[in-house]
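As stored in entry_22.cif (mmCIF, C-alpha atoms):
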```cif
data_entry
loop_
_atom_site.label_atom_id
_atom_site.label_comp_id
_atom_site.auth_asym_id
_atom_site.auth_seq_id
_atom_site.Cartn_x
_atom_site.Cartn_y
_atom_site.Cartn_z
CA MET K 20 3.55 -1.57 17.75
CA GLU K 21 2.87 -3.68 14.64
CA GLU K 22 2.42 -0.51 12.53
CA ILE K 23 5.89 0.68 13.49
CA ALA K 24 7.48 -2.65 12.57
CA GLU K 25 5.71 -2.91 9.20
CA PHE K 26 7.33 -0.86 6.43
CA PHE K 27 4.69 -1.17 3.73
CA PRO K 28 1.16 0.28 3.96
CA ILE K 29 -0.47 -2.95 2.77
CA ILE K 30 -2.70 -5.83 3.71
CA LYS K 31 -0.44 -8.86 3.53
CA PHE K 32 -0.81 -12.57 4.09
CA LYS K 33 1.45 -15.59 4.22
CA LYS K 34 1.74 -18.00 1.28
CA GLU K 35 0.19 -20.74 3.47
CA MET K 36 -3.15 -18.90 3.21
CA LEU K 37 -3.33 -19.99 -0.44
CA LYS K 38 -3.21 -23.63 0.68
CA ILE K 39 -6.13 -22.92 3.01
CA ALA K 40 -8.04 -21.34 0.12
CA GLU K 41 -7.47 -24.50 -1.91
CA GLN K 42 -8.64 -26.70 0.97
CA PHE K 43 -11.75 -24.61 1.63
CA PRO K 44 -12.86 -23.09 -1.68
CA THR K 45 -16.03 -21.09 -2.07
CA PRO K 46 -19.03 -23.27 -2.93
CA ALA K 47 -18.83 -22.31 -6.60
CA GLN K 48 -15.18 -23.40 -6.78
CA ILE K 49 -15.52 -26.90 -5.29
CA GLY K 50 -13.72 -29.16 -7.73
CA TYR K 51 -11.77 -26.18 -9.10
CA GLU K 52 -9.41 -25.56 -6.18
CA ASP K 53 -6.48 -24.49 -8.39
CA GLU K 54 -8.72 -21.87 -9.96
CA GLU K 55 -9.57 -20.55 -6.49
CA LYS K 56 -5.87 -19.98 -5.84
CA SER K 57 -5.41 -18.35 -9.26
CA TYR K 58 -8.42 -16.12 -8.67
CA ILE K 59 -6.95 -14.86 -5.40
CA LEU K 60 -3.51 -14.32 -6.96
CA ASN K 61 -5.05 -12.20 -9.74
CA TYR K 62 -5.64 -9.50 -7.12
CA CYS K 63 -2.40 -9.86 -5.20
CA ALA K 64 1.30 -9.23 -5.66
CA ALA K 65 4.25 -11.09 -4.17
CA LEU K 66 6.01 -9.21 -1.40
CA ASN K 67 8.71 -11.89 -1.13
CA ASP K 68 8.82 -15.72 -1.51
CA LYS K 69 6.69 -16.22 1.62
CA GLU K 70 4.19 -13.35 1.55
CA TYR K 71 1.67 -11.68 -0.74
CA TYR K 72 -0.31 -8.47 -0.44
CA ILE K 73 -3.59 -7.24 -1.89
CA ASP K 74 -2.50 -5.15 -4.86
CA TYR K 75 -4.90 -2.25 -4.63
CA PHE K 76 -2.59 -0.27 -6.91
CA ASN K 77 -3.00 -2.53 -9.97
CA SER K 78 -5.58 -5.26 -9.53
CA TYR K 79 -8.03 -4.55 -6.76
CA GLY K 80 -10.00 -2.05 -8.86
CA ASP K 81 -10.95 -4.85 -11.23
CA LEU K 82 -12.39 -6.81 -8.31
CA ALA K 83 -14.02 -4.03 -6.30
CA ALA K 84 -15.40 -1.93 -9.13
CA ASP K 85 -18.41 -2.53 -11.33
CA ASP K 86 -17.14 -0.46 -14.22
CA HIS K 87 -14.41 1.95 -15.35
CA ALA K 88 -16.05 4.86 -13.53
CA ASP K 89 -15.82 2.96 -10.22
CA ILE K 90 -12.14 2.21 -10.83
CA ILE K 91 -11.50 5.90 -11.50
CA LEU K 92 -13.33 6.83 -8.30
CA GLN K 93 -11.45 4.23 -6.25
CA GLN K 94 -8.03 5.21 -7.63
CA ASN K 95 -8.68 8.91 -7.09
CA ARG K 96 -9.67 8.19 -3.48
CA LEU K 97 -6.49 6.16 -3.02
CA ARG K 98 -4.52 9.06 -4.54
CA GLY K 99 -6.20 11.49 -2.12
CA ILE K 100 -5.33 9.32 0.90
CA ILE K 101 -1.68 9.13 -0.14
CA VAL K 102 -1.41 12.87 -0.88
CA LYS K 103 -3.12 13.80 2.40
CA ASN K 104 -0.87 11.52 4.43
CA ILE K 105 2.39 12.65 2.81
CA SER K 106 1.30 16.29 3.17
CA THR K 107 0.19 16.25 6.78
CA THR K 108 2.30 13.70 8.62
CA LYS K 109 5.10 14.54 11.00
CA SER K 110 6.02 10.88 11.31
CA PHE K 111 9.12 9.68 9.54
CA SER K 112 7.65 6.17 9.48
CA VAL K 113 4.50 7.35 7.69
CA THR K 114 6.59 9.43 5.26
CA LYS K 115 8.62 6.34 4.25
CA LYS K 116 5.42 4.34 3.75
CA MET K 117 3.83 7.05 1.64
CA LEU K 118 6.93 7.34 -0.57
CA TRP K 119 6.64 3.60 -1.25
CA ALA K 120 2.92 4.04 -1.94
CA ILE K 121 3.59 6.95 -4.34
CA ASP K 122 6.00 4.77 -6.30
CA LYS K 123 3.45 1.93 -6.52
CA PHE K 124 0.59 4.30 -7.33
CA ASN K 125 2.50 6.08 -10.12
CA GLY K 126 3.40 2.70 -11.63
CA SER K 127 -0.22 1.54 -11.61
CA LYS K 128 -1.90 0.36 -14.80
CA TYR K 129 -4.82 2.65 -13.93
CA ILE K 130 -2.81 5.86 -14.28
CA ASP K 131 -3.78 7.56 -17.50
CA ASN K 132 -3.41 11.24 -16.51
CA ASN K 133 -6.84 11.99 -17.97
CA TYR K 134 -9.01 10.49 -15.25
CA VAL K 135 -6.44 9.28 -12.70
CA LYS K 136 -3.36 11.48 -12.48
CA ASN K 137 -0.03 10.36 -11.09
CA ILE K 138 1.23 11.92 -7.88
CA ASP K 139 3.61 14.68 -8.91
CA PHE K 140 6.22 14.78 -6.20
CA LYS K 141 7.70 18.28 -6.28
CA ILE K 142 10.90 19.66 -4.73
CA GLY K 143 8.87 21.36 -1.97
CA ALA K 144 7.83 17.93 -0.78
CA TRP K 145 11.49 16.94 -0.39
CA LYS K 146 11.95 19.90 1.96
CA LYS K 147 9.09 18.55 4.03
CA ILE K 148 10.71 15.12 4.14
CA LYS K 149 13.95 16.68 5.36
CA ILE K 150 11.94 18.40 8.10
CA ASN K 151 10.28 15.07 8.94
CA VAL K 152 13.68 13.35 9.13
CA TRP K 153 14.94 16.11 11.40
CA TYR K 154 11.81 15.87 13.57
CA TRP K 155 12.20 12.09 13.80
CA LEU K 156 15.91 12.30 14.70
CA HIS K 157 15.26 15.08 17.20
CA SER K 158 12.54 13.07 18.95
CA ARG K 159 14.80 9.98 19.12
CA ILE K 160 17.75 11.97 20.48
CA LYS K 161 15.49 13.68 23.02
CA LYS K 162 14.23 10.27 24.24
CA ILE K 163 17.78 8.98 24.61
CA ILE K 164 18.85 12.09 26.53
CA LEU K 165 15.84 11.89 28.83
CA LYS K 166 16.42 8.20 29.42
CA TYR K 167 20.11 8.34 30.23
CA PHE K 168 20.74 11.84 31.57
#
```
Would you encode the structure as structure tokens?
Amino acid sequence: MEEIAEFFPIIKFKKEMLKIAEQFPTPAQIGYEDEEKSYILNYCAALNDKEYYIDYFNSYGDLAADDHADIILQQNRLRGIIVKNISTTKSFSVTKKMLWAIDKFNGSKYIDNNYVKNIDFKIGAWKKIKINVWYWLHSRIKKIILKYF
């Protein structure tokens, strides 16, 4: 149920979590609580004034990777997940999420089109989205008809 309610395909957390990070820093950051908060924010993006999300499109590669080759590998895996999901889903909800992810991915600082290519969204994909919208509407209408008639 939570997946349906959530629009973005992200790992998010409330701003209050930053206060907790300041109160309970890692052992190396005791006495440097503000730096703990800054460190966390280096790998996150604001979703709104009350929430952040782990920005695996722009920052997470710097944290999770040992070198440039690891970042390339991670970003190409992320690209593959997005392309597979947008290509195979019949869910309108997943399609909307993947369109958001494509926009974020293509705007990533890691895209260089030599090692990590952007996701080229062709006209054929729009036909698929129209089919997904139709499928979604059809399933909703069918549920309403079955419920009330």
Apply the PyMOL selection byres ((chain K and resi 127) around 12) to the structure shown and report the selected residues as a short mmCIF file (atom, residue, chain, number, x, y, z; two decimals) with C-alpha atoms, in the frame of the given file.
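Dumped everything to selection11.cif:
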```cif
data_model
loop_
_atom_site.label_atom_id
_atom_site.label_comp_id
_atom_site.auth_asym_id
_atom_site.auth_seq_id
_atom_site.Cartn_x
_atom_site.Cartn_y
_atom_site.Cartn_z
CA ASP K 74 -2.50 -5.15 -4.86
CA TYR K 75 -4.90 -2.25 -4.63
CA PHE K 76 -2.59 -0.27 -6.91
CA ASN K 77 -3.00 -2.53 -9.97
CA SER K 78 -5.58 -5.26 -9.53
CA TYR K 79 -8.03 -4.55 -6.76
CA GLY K 80 -10.00 -2.05 -8.86
CA ILE K 90 -12.14 2.21 -10.83
CA GLN K 94 -8.03 5.21 -7.63
CA LEU K 97 -6.49 6.16 -3.02
CA ARG K 98 -4.52 9.06 -4.54
CA ALA K 120 2.92 4.04 -1.94
CA ILE K 121 3.59 6.95 -4.34
CA ASP K 122 6.00 4.77 -6.30
CA LYS K 123 3.45 1.93 -6.52
CA PHE K 124 0.59 4.30 -7.33
CA ASN K 125 2.50 6.08 -10.12
CA GLY K 126 3.40 2.70 -11.63
CA LYS K 128 -1.90 0.36 -14.80
CA TYR K 129 -4.82 2.65 -13.93
CA ILE K 130 -2.81 5.86 -14.28
CA ASP K 131 -3.78 7.56 -17.50
CA ASN K 132 -3.41 11.24 -16.51
CA VAL K 135 -6.44 9.28 -12.70
CA LYS K 136 -3.36 11.48 -12.48
CA ASN K 137 -0.03 10.36 -11.09
CA ILE K 138 1.23 11.92 -7.88
#
```
For this session: Go through K:Tyr58, K:Lys103, K:Ser110, K:Lys33 and flag the residue nearest Thr45 (chain K), using all atoms listed in the file for the distances.
Result: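 So, comparing all the options, the nearest one is K:Tyr58.
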For this session: Enter the distance from CA of Glu35 (chain K) to CA of Glu70 (chain K), in Å, rounded to one decimal.
Result: 8.6 Å
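Of note, CA of Leu66 (chain K) and CA of Ala40 (chain K) are spaced 18.6 Å apart.
Matched in the shown structure by the PyMOL selection byres ((chain K and resi 54-57) around 7): Leu37, Ala40, Glu41, Pro44, Gln48, Tyr51, Glu52, Asp53, Tyr58, Ile59, Leu60 and Asn61 of chain K.
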Problem set entry | Selected residue, from K:Ile101, K:Ile30, K:Asn133, K:Lys166, that lies nearest to Leu118 (chain K) when counting all atoms listed in the file | K:Ile101
Seminar exercise, completed: Among K:Met117, K:Leu82, K:Lys34, K:His87, Gly99 (chain K) is approached most closely, using all atoms listed in the file, by K:Met117
For this session: Kindly indicate which residue among K:Tyr72, K:Ala88, K:Tyr134, K:Thr107 lies nearest to Pro28 (chain K), using all atoms listed in the file for the distances.
Result: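 Nearest to Pro28 (chain K): K:Tyr72.
Counting from CA of Phe27 (chain K), the distance to CA of Ile100 (chain K) is 14.8 Å.
The smallest atom-to-atom distance between Tyr62 (chain K) and any of K:Trp119, K:Ser106, K:Lys31, K:Gln42, using only C-alpha atoms, is found for K:Lys31.
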